[in-house]
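Next comes model_19.txt, with compact mmCIF, C-alpha atoms.
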# COMPACT_ATOMS: atom_id res chain seq x y z
CA MET A 155 0.00 0.00 0.00
CA ALA A 156 1.39 3.40 -0.99
CA GLU A 157 2.13 5.69 1.93
CA ILE A 158 -0.15 8.71 2.07
CA LYS A 159 2.26 11.59 2.51
CA GLY A 160 4.09 14.54 1.05
CA ILE A 161 3.18 16.85 -1.79
CA ILE A 162 0.45 15.45 -4.00
CA ALA A 163 -0.19 17.51 -7.13
CA ALA A 164 -3.91 18.14 -7.69
CA MET A 165 -3.52 18.26 -11.42
CA GLN A 166 -5.62 20.09 -13.95
CA THR A 167 -7.12 18.41 -17.00
CA PRO A 168 -5.59 20.05 -20.09
CA MET A 169 -8.20 20.95 -22.69
CA PHE A 170 -8.48 22.37 -26.17
CA GLU A 171 -10.55 25.47 -26.86
CA ASP A 172 -13.58 23.35 -27.72
CA GLY A 173 -13.45 21.68 -24.29
CA SER A 174 -12.10 18.35 -25.50
CA ILE A 175 -9.30 16.73 -23.51
CA ASN A 176 -5.73 17.40 -24.63
CA GLU A 177 -4.14 14.01 -23.98
CA ALA A 178 -0.66 14.93 -25.24
CA GLU A 179 -0.44 17.94 -22.92
CA MET A 180 -1.75 15.86 -20.04
CA ARG A 181 1.19 13.49 -20.45
CA LYS A 182 3.61 16.43 -20.54
CA GLN A 183 2.14 17.86 -17.33
CA ILE A 184 2.37 14.49 -15.57
CA ASN A 185 6.08 14.34 -16.38
CA ARG A 186 6.55 17.96 -15.37
CA GLN A 187 5.14 17.21 -11.91
CA ILE A 188 7.12 14.00 -11.45
CA ASN A 189 10.32 15.73 -12.59
CA ALA A 190 9.67 18.47 -10.02
CA GLY A 191 9.73 15.84 -7.28
CA VAL A 192 6.11 15.52 -6.19
CA ASP A 193 5.30 12.51 -4.03
CA ALA A 194 2.18 11.63 -6.03
CA ILE A 195 -0.09 12.89 -8.80
CA PHE A 196 -3.84 13.27 -8.50
CA CYS A 197 -6.35 13.37 -11.34
CA LEU A 198 -10.07 14.13 -11.32
CA GLY A 199 -10.04 16.35 -8.29
CA THR A 200 -11.63 19.76 -8.03
CA ASN A 201 -8.86 21.32 -10.12
CA GLY A 202 -9.20 18.44 -12.56
CA GLU A 203 -12.81 19.52 -13.24
CA PHE A 204 -14.26 16.12 -12.36
CA TYR A 205 -17.64 17.78 -11.87
CA ASN A 206 -17.78 18.66 -15.56
CA MET A 207 -16.87 15.26 -17.07
CA ASN A 208 -18.78 12.15 -18.01
CA MET A 209 -17.83 8.64 -16.95
CA GLU A 210 -16.05 7.78 -20.20
CA GLU A 211 -13.85 10.88 -19.92
CA LYS A 212 -13.00 10.12 -16.30
CA ILE A 213 -11.98 6.60 -17.23
CA ARG A 214 -9.77 7.88 -20.05
CA VAL A 215 -8.06 10.41 -17.79
CA MET A 216 -7.26 7.69 -15.26
CA GLU A 217 -5.89 5.46 -18.02
CA ILE A 218 -3.54 8.22 -19.20
CA PHE A 219 -2.31 8.99 -15.68
CA VAL A 220 -1.54 5.37 -14.87
CA ASP A 221 0.07 4.76 -18.26
CA GLU A 222 2.26 7.86 -18.15
CA ALA A 223 3.26 7.61 -14.48
CA LYS A 224 4.57 4.09 -15.10
CA GLY A 225 4.79 3.41 -11.39
CA ARG A 226 7.23 6.25 -10.71
CA VAL A 227 4.87 7.84 -8.19
CA PRO A 228 1.47 6.78 -6.86
CA VAL A 229 -1.59 7.87 -8.84
CA TYR A 230 -4.58 9.22 -6.92
CA ALA A 231 -7.93 9.51 -8.69
CA GLY A 232 -11.12 11.26 -7.64
CA THR A 233 -13.94 8.74 -7.89
CA GLY A 234 -16.58 10.34 -5.68
CA CYS A 235 -20.04 10.67 -7.21
CA VAL A 236 -23.40 11.74 -5.81
CA SER A 237 -24.65 8.18 -5.41
CA THR A 238 -22.97 5.35 -3.54
CA LYS A 239 -23.64 3.03 -6.48
CA ASP A 240 -21.87 5.27 -9.00
CA THR A 241 -18.98 5.90 -6.60
CA ILE A 242 -18.42 2.16 -6.20
CA GLU A 243 -18.69 1.57 -9.94
CA LEU A 244 -16.11 4.25 -10.82
CA SER A 245 -13.84 3.16 -7.96
CA LYS A 246 -13.85 -0.44 -9.17
CA LYS A 247 -12.95 0.81 -12.63
CA ALA A 248 -10.09 2.82 -11.12
CA LYS A 249 -8.71 -0.34 -9.52
CA GLU A 250 -9.00 -2.20 -12.82
CA ILE A 251 -7.05 0.57 -14.56
CA GLY A 252 -4.29 0.50 -11.96
CA VAL A 253 -4.94 3.60 -9.85
CA ASP A 254 -3.13 3.37 -6.51
CA ILE A 255 -5.29 5.48 -4.21
CA LEU A 256 -8.87 6.75 -4.34
CA SER A 257 -9.78 10.29 -3.34
CA VAL A 258 -13.48 10.34 -2.58
CA ILE A 259 -15.42 13.53 -2.09
CA THR A 260 -18.52 13.50 0.05
CA PRO A 261 -21.75 13.19 -1.95
CA TYR A 262 -22.84 16.67 -2.90
CA PHE A 263 -25.83 18.93 -3.59
CA ALA A 264 -28.34 17.19 -1.27
CA ALA A 265 -27.77 17.45 2.47
CA LEU A 266 -26.63 14.36 4.36
CA ASN A 267 -26.34 13.60 8.06
CA GLN A 268 -23.32 11.88 9.61
CA ASP A 269 -24.99 8.46 9.65
CA GLU A 270 -25.58 8.70 5.91
CA LEU A 271 -22.00 9.81 5.28
CA TYR A 272 -20.71 6.95 7.42
CA ALA A 273 -22.85 4.45 5.52
CA HIS A 274 -21.68 5.81 2.15
CA PHE A 275 -17.97 5.49 2.91
CA SER A 276 -18.43 2.17 4.72
CA GLU A 277 -20.18 0.59 1.75
CA LEU A 278 -17.47 1.89 -0.57
CA ALA A 279 -14.67 0.56 1.66
CA GLU A 280 -16.29 -2.86 1.77
CA ALA A 281 -16.81 -2.96 -2.00
CA VAL A 282 -13.43 -1.76 -3.28
CA ASP A 283 -10.03 -3.06 -2.18
CA LEU A 284 -8.03 0.13 -2.62
CA PRO A 285 -6.77 2.74 -0.13
CA ILE A 286 -9.34 5.51 0.29
CA VAL A 287 -8.65 9.15 1.18
CA MET A 288 -11.86 10.94 2.07
CA TYR A 289 -12.29 14.47 0.74
CA ASN A 290 -13.93 17.14 2.89
CA ILE A 291 -14.82 20.33 1.01
CA PRO A 292 -18.08 21.52 2.56
CA MET A 293 -18.28 24.93 0.89
CA ARG A 294 -18.60 23.20 -2.49
CA ALA A 295 -20.13 19.83 -1.63
CA GLY A 296 -22.58 21.12 0.96
CA ASN A 297 -21.71 18.25 3.32
CA ALA A 298 -18.99 18.06 5.96
CA LEU A 299 -17.34 15.03 7.51
CA ALA A 300 -17.31 15.42 11.29
CA PRO A 301 -14.09 14.43 13.06
CA ALA A 302 -15.92 11.71 15.00
CA THR A 303 -17.18 10.22 11.73
CA VAL A 304 -13.67 10.26 10.26
CA GLY A 305 -12.30 8.52 13.34
CA LYS A 306 -15.04 5.88 13.31
CA LEU A 307 -14.52 5.14 9.61
CA ALA A 308 -10.74 4.90 10.05
CA ARG A 309 -11.10 2.44 12.94
CA ASN A 310 -13.66 0.23 11.25
CA HIS A 311 -12.15 0.05 7.75
CA SER A 312 -8.45 -0.62 7.27
CA ASN A 313 -8.51 0.69 3.69
CA ILE A 314 -9.82 4.11 4.75
CA VAL A 315 -6.35 5.53 5.21
CA GLY A 316 -6.68 9.31 5.09
CA VAL A 317 -8.70 12.46 4.84
CA LYS A 318 -8.07 15.60 2.84
CA ASP A 319 -9.51 18.74 4.39
CA SER A 320 -10.30 21.68 2.12
CA SER A 321 -12.56 23.49 4.56
CA GLY A 322 -9.90 26.19 5.08
CA ASN A 323 -10.48 25.82 8.81
CA PHE A 324 -7.24 24.79 10.52
CA ASN A 325 -9.16 23.81 13.65
CA ASN A 326 -10.92 21.18 11.58
CA ILE A 327 -7.57 19.75 10.49
CA LEU A 328 -6.46 19.68 14.13
CA SER A 329 -9.69 17.89 15.05
CA TYR A 330 -9.12 15.27 12.36
CA ILE A 331 -5.59 14.71 13.67
CA ALA A 332 -6.86 14.38 17.25
CA ALA A 333 -9.64 11.98 16.20
CA THR A 334 -7.18 9.63 14.47
CA GLU A 335 -3.93 10.09 16.42
CA ASP A 336 -4.13 6.51 17.74
CA ILE A 337 -4.16 5.12 14.18
CA PRO A 338 -0.56 5.29 12.91
CA THR A 339 -1.53 4.26 9.38
CA PHE A 340 -4.02 7.14 8.96
CA SER A 341 -2.97 10.40 7.29
CA VAL A 342 -4.47 13.87 7.48
CA LEU A 343 -3.75 16.03 4.43
CA SER A 344 -4.35 19.72 3.88
CA GLY A 345 -6.34 20.60 0.79
CA ASN A 346 -5.57 24.26 1.40
CA ASP A 347 -2.12 25.18 0.05
CA ALA A 348 -1.65 27.84 2.72
CA LEU A 349 -1.92 25.28 5.54
CA ILE A 350 0.38 22.49 4.34
CA LEU A 351 3.37 23.27 6.56
CA TYR A 352 1.21 23.92 9.60
CA THR A 353 -0.62 20.64 9.01
CA LEU A 354 2.75 18.85 8.95
CA MET A 355 3.87 20.58 12.13
CA ALA A 356 0.63 19.55 13.86
CA GLY A 357 1.10 15.88 12.99
CA GLY A 358 -0.46 15.70 9.53
CA ALA A 359 1.16 14.04 6.54
CA GLY A 360 1.28 16.68 3.78
CA GLY A 361 -1.02 18.30 1.27
CA ILE A 362 -2.90 17.90 -1.98
CA THR A 363 -2.00 21.09 -3.78
CA ALA A 364 -3.47 23.10 -6.65
CA ILE A 365 -0.59 25.58 -6.67
CA ALA A 366 1.70 22.74 -7.79
CA ASN A 367 0.21 23.28 -11.26
CA ILE A 368 1.91 26.67 -11.27
CA LEU A 369 4.88 26.29 -8.94
CA PRO A 370 5.64 22.61 -8.36
CA GLU A 371 9.21 23.13 -7.17
CA ILE A 372 8.13 25.58 -4.49
CA MET A 373 5.41 23.25 -3.22
CA VAL A 374 7.81 20.30 -3.16
CA SER A 375 10.33 22.38 -1.21
CA ILE A 376 7.83 22.97 1.61
CA TYR A 377 7.76 19.25 2.38
CA GLN A 378 11.39 18.52 1.58
CA ASN A 379 12.62 21.31 3.83
CA TYR A 380 10.29 20.15 6.58
CA ILE A 381 11.48 16.54 6.56
CA LYS A 382 15.12 17.73 6.52
CA GLY A 383 14.42 19.78 9.63
CA ASP A 384 14.83 23.11 7.84
CA ILE A 385 11.73 24.70 9.31
CA GLU A 386 12.79 28.22 8.35
CA GLY A 387 13.24 27.13 4.74
CA ALA A 388 9.86 25.43 4.83
CA LYS A 389 8.24 28.55 6.28
CA LYS A 390 9.84 30.71 3.60
CA ALA A 391 8.54 28.45 0.83
CA GLN A 392 5.09 28.29 2.43
CA ALA A 393 4.88 32.07 2.76
CA SER A 394 6.06 32.60 -0.82
CA ILE A 395 2.82 31.31 -2.34
CA ALA A 396 0.70 33.99 -0.68
CA PRO A 397 0.83 36.41 -3.65
CA ILE A 398 -0.52 33.87 -6.16
CA ARG A 399 -3.16 32.69 -3.70
CA ASP A 400 -4.21 36.31 -3.30
CA CYS A 401 -5.13 36.24 -7.00
CA PHE A 402 -7.99 33.87 -6.14
CA LYS A 403 -9.98 37.01 -5.39
CA TYR A 404 -10.35 37.47 -9.15
CA GLY A 405 -12.60 34.44 -9.60
CA ASN A 406 -13.13 30.72 -9.11
CA PRO A 407 -9.79 29.33 -7.81
CA ASN A 408 -9.89 26.53 -10.41
CA SER A 409 -10.13 29.11 -13.19
CA ILE A 410 -7.42 31.31 -11.69
CA VAL A 411 -4.99 28.39 -11.32
CA LYS A 412 -5.57 27.30 -14.90
CA CYS A 413 -5.17 30.86 -16.15
CA ALA A 414 -1.90 31.24 -14.23
CA THR A 415 -0.60 27.90 -15.52
CA ASN A 416 -1.17 29.07 -19.08
CA LEU A 417 0.48 32.42 -18.36
CA ILE A 418 3.74 30.78 -17.23
CA GLY A 419 3.96 28.99 -20.58
CA GLN A 420 2.30 25.68 -19.71
CA PRO A 421 -0.51 25.35 -22.31
CA VAL A 422 -3.19 23.53 -20.33
CA GLY A 423 -5.93 25.42 -22.14
CA PRO A 424 -9.23 26.71 -20.81
CA CYS A 425 -11.62 25.38 -18.22
CA ARG A 426 -14.62 23.65 -19.73
CA LYS A 427 -17.58 26.00 -20.15
CA PRO A 428 -19.34 27.62 -18.44
CA PHE A 429 -16.32 27.96 -16.15
CA GLY A 430 -13.08 29.81 -16.70
CA MET A 431 -14.10 33.27 -17.81
CA VAL A 432 -11.26 35.35 -16.36
CA SER A 433 -11.32 39.04 -17.22
CA ASP A 434 -8.45 40.72 -19.08
CA ALA A 435 -7.80 42.88 -16.02
CA ALA A 436 -7.52 39.77 -13.85
CA LYS A 437 -5.18 38.11 -16.36
CA GLN A 438 -2.97 41.17 -16.30
CA ALA A 439 -2.89 41.20 -12.49
CA ILE A 440 -2.02 37.48 -12.39
CA ALA A 441 0.72 37.95 -14.99
CA GLU A 442 2.18 40.85 -13.00
CA THR A 443 2.15 38.74 -9.85
CA ILE A 444 3.98 35.93 -11.62
CA ASP A 445 6.54 38.31 -13.10
CA LYS A 446 7.16 40.03 -9.77
CA TYR A 447 7.35 37.06 -7.43
CA TYR A 448 8.16 33.97 -9.47
CA ALA A 449 10.60 34.89 -12.21
CA ASP A 450 12.84 31.91 -11.45
CA TYR A 451 9.97 29.47 -11.91
CA LYS A 452 8.13 31.02 -14.82
CA ASN A 453 9.38 28.72 -17.57
CA LYS A 454 9.84 25.51 -15.60
What would you get if you wrote out this structure as structure tokens?
Amino acid sequence: MAEIKGIIAAMQTPMFEDGSINEAEMRKQINRQINAGVDAIFCLGTNGEFYNMNMEEKIRVMEIFVDEAKGRVPVYAGTGCVSTKDTIELSKKAKEIGVDILSVITPYFAALNQDELYAHFSELAEAVDLPIVMYNIPMRAGNALAPATVGKLARNHSNIVGVKDSSGNFNNILSYIAATEDIPTFSVLSGNDALILYTLMAGGAGGITAIANILPEIMVSIYQNYIKGDIEGAKKAQASIAPIRDCFKYGNPNSIVKCATNLIGQPVGPCRKPFGMVSDAAKQAIAETIDKYYADYKNK
């Protein structure tokens, strides 16, 4: 079983202007991330626009990731769907393809209580023999995994091995760590790039990062400096991403990250409509931020 740790790149899905998937560029971006030293690559997450793809496209993306990674790093894939049935079906397909780890968002749109969330993840864990990292992003999914539910799931299912928290609430990360601290095989990951180092320092295992699409070397250096004991270096790297994160004020973070990735010379293309309409003024502000703060990384 792959260890759940480090810097996991939450990769975008490269697309052509018509919204079709750019497979050749996807392969280039996979190699770019691996060459930068990430600990794993992750497809079909929020930044991968999973919410705007059909099943056939999701399957093809997973096939490309597994084929191109060639076992060099673990491949995570987002297989969470609204229904338990569809989640299990896509997760079984992921195993067949060769995905190493499942990232499973809570069901979304309709409200669920904790018993329903527990039942959903339990049924998935019993149906699919792959490591599962639960994905908590309540502001988008509309449902939140309580720390007690995470702890109960981790104790009762050996293949539920982690949780990614994208709530932006550091206290929630701390609560997840406290609820699972007696389970040495369980990992808590930050889904918020700004909290990766502080999650590590609190006993977490790393982060699943969108900013790696723009600045993979900087994101990798946060973790590498931390494990070497260079806390000041890790803090410097962590603080350095604040300017690009500040650009999220110009729109949907997914759209801003994809816009910035294109602006540094990585042609990942647009978001699939209706998403991704970034104003010219916002593009200029993002470009100026990149030029000012990240000159050394612009063409990597």
Proximity check range 236-342 of chain A to range 199-215 of chain A, 8 Å, nearest pairs one decimal Å, all atoms listed in the file, as a Markdown table:
| residue | atom | partner | partner_atom | distance |
| --- | --- | --- | --- | --- |
| A:Leu244 | CA | A:Met209 | CA | 7.7 |
| A:Lys247 | CA | A:Ile213 | CA | 7.5 |
| A:Ala248 | CA | A:Ile213 | CA | 7.4 |
| A:Ser257 | CA | A:Gly199 | CA | 7.8 |
Take the residues just selected and output them with C-alpha atoms as a PDB file, in the frame of the given file.
ATOM      1  CA  LEU A 244     -16.110   4.250 -10.820  1.00  0.00           C
ATOM      2  CA  LYS A 247     -12.950   0.810 -12.630  1.00  0.00           C
ATOM      3  CA  ALA A 248     -10.090   2.820 -11.120  1.00  0.00           C
ATOM      4  CA  SER A 257      -9.780  10.290  -3.340  1.00  0.00           C
TER       5      SER A 257
END
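The space separating CA of Phe402 in chain A from CA of Lys437 in chain A comes to 11.4 Å.
Here CA of Ile368 in chain A stands at a distance of 20.4 Å from CA of Lys159 in chain A.
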Got a sec: who's within 8 Å of Gly173 in chain A, counting all atoms listed in the file, leaving out chain neighbours fewer than 3 positions off, as a ChimeraX atom specification?
/A:169-170,424-427
From the options A:Ile175, A:Val229, A:Val317, A:Ala435, which residue's atoms come nearest to Cys197 in chain A, counting only C-alpha atoms?
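Distance minimum relative to Cys197 in chain A lands on A:Val229.
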Might you pull out every residue within 12 Å of Gly225 in chain A, with all atoms listed in the file counted and same-chain residues fewer than 6 positions away left off, and present them as a ChimeraX atom specification?
/A:156,188,193-195,219,252-254
Rounded to one decimal place, report the CA of Gly358 in chain A-CA of Tyr272 in chain A distance in Å.
22.2 Å
Can you tell me, as a ChimeraX atom specification, what residues are no more than 10 Å from Val304 in chain A when counting all atoms listed in the file, ignoring any on the same chain fewer than 3 positions away?
/A:268,271-272,275,288,299-301,307-309,314,316-317,329-331,333-334
I want to know what sits within 10 Å of range 238-243 of chain A, based on all atoms listed in the file, with residues of the same chain fewer than 2 positions away left out; could you give that as an MDAnalysis selection string?
chainID A and resid 209 232:236 245:248 258:261 271 273:282
Keeping only C-alpha atoms, write the selected residues as a JSON list (two decimals), keeping the file's coordinate frame.
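The resulting file, part04.json, is shown below:
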[["chain", "number", "residue", "atom", "x", "y", "z"],
["A", 209, "MET", "CA", -17.83, 8.64, -16.95],
["A", 232, "GLY", "CA", -11.12, 11.26, -7.64],
["A", 233, "THR", "CA", -13.94, 8.74, -7.89],
["A", 234, "GLY", "CA", -16.58, 10.34, -5.68],
["A", 235, "CYS", "CA", -20.04, 10.67, -7.21],
["A", 236, "VAL", "CA", -23.40, 11.74, -5.81],
["A", 245, "SER", "CA", -13.84, 3.16, -7.96],
["A", 246, "LYS", "CA", -13.85, -0.44, -9.17],
["A", 247, "LYS", "CA", -12.95, 0.81, -12.63],
["A", 248, "ALA", "CA", -10.09, 2.82, -11.12],
["A", 258, "VAL", "CA", -13.48, 10.34, -2.58],
["A", 259, "ILE", "CA", -15.42, 13.53, -2.09],
["A", 260, "THR", "CA", -18.52, 13.50, 0.05],
["A", 261, "PRO", "CA", -21.75, 13.19, -1.95],
["A", 271, "LEU", "CA", -22.00, 9.81, 5.28],
["A", 273, "ALA", "CA", -22.85, 4.45, 5.52],
["A", 274, "HIS", "CA", -21.68, 5.81, 2.15],
["A", 275, "PHE", "CA", -17.97, 5.49, 2.91],
["A", 276, "SER", "CA", -18.43, 2.17, 4.72],
["A", 277, "GLU", "CA", -20.18, 0.59, 1.75],
["A", 278, "LEU", "CA", -17.47, 1.89, -0.57],
["A", 279, "ALA", "CA", -14.67, 0.56, 1.66],
["A", 280, "GLU", "CA", -16.29, -2.86, 1.77],
["A", 281, "ALA", "CA", -16.81, -2.96, -2.00],
["A", 282, "VAL", "CA", -13.43, -1.76, -3.28]]
If we count all atoms listed in the file and set the cut-off at 6 Å, which residues sit around range 289-293 of chain A, ignoring sequence neighbours fewer than 3 positions away in its own chain? Please answer as a PyMOL selection string.
chain A and resi 258-259+296-298+317-321
Nearest to Arg226 in chain A: which of A:Val192, A:Cys413, A:Ala178, A:Ala441 is it, counting all atoms listed in the file?
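Among the listed residues, the smallest separation from Arg226 in chain A belongs to A:Val192.
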Can you find the residues with an atom no farther than 7 Å from (-6.3, 20.0, 4.4), counting only C-alpha atoms, and report them as a PyMOL selection string?
chain A and resi 318-320+327+343-346+349+361
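Considering all atoms listed in the file, the residue among A:Ile286, A:Ala264, A:Ile158, A:Met180 positioned nearest to Pro228 in chain A is A:Ile158.
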So which one's closest to Ser409 in chain A, A:Lys306, A:Ile362, A:Gln166, A:Asp434? Using only C-alpha atoms, please.
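Using only C-alpha atoms, the shortest distance to Ser409 in chain A belongs to A:Gln166.
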Distance criterion (all atoms listed in the file): nearest to Ile162 in chain A out of A:Gln183, A:Asn189, A:Thr363, A:Gln438:
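Using all atoms listed in the file, Ile162 in chain A sits closest to A:Thr363.
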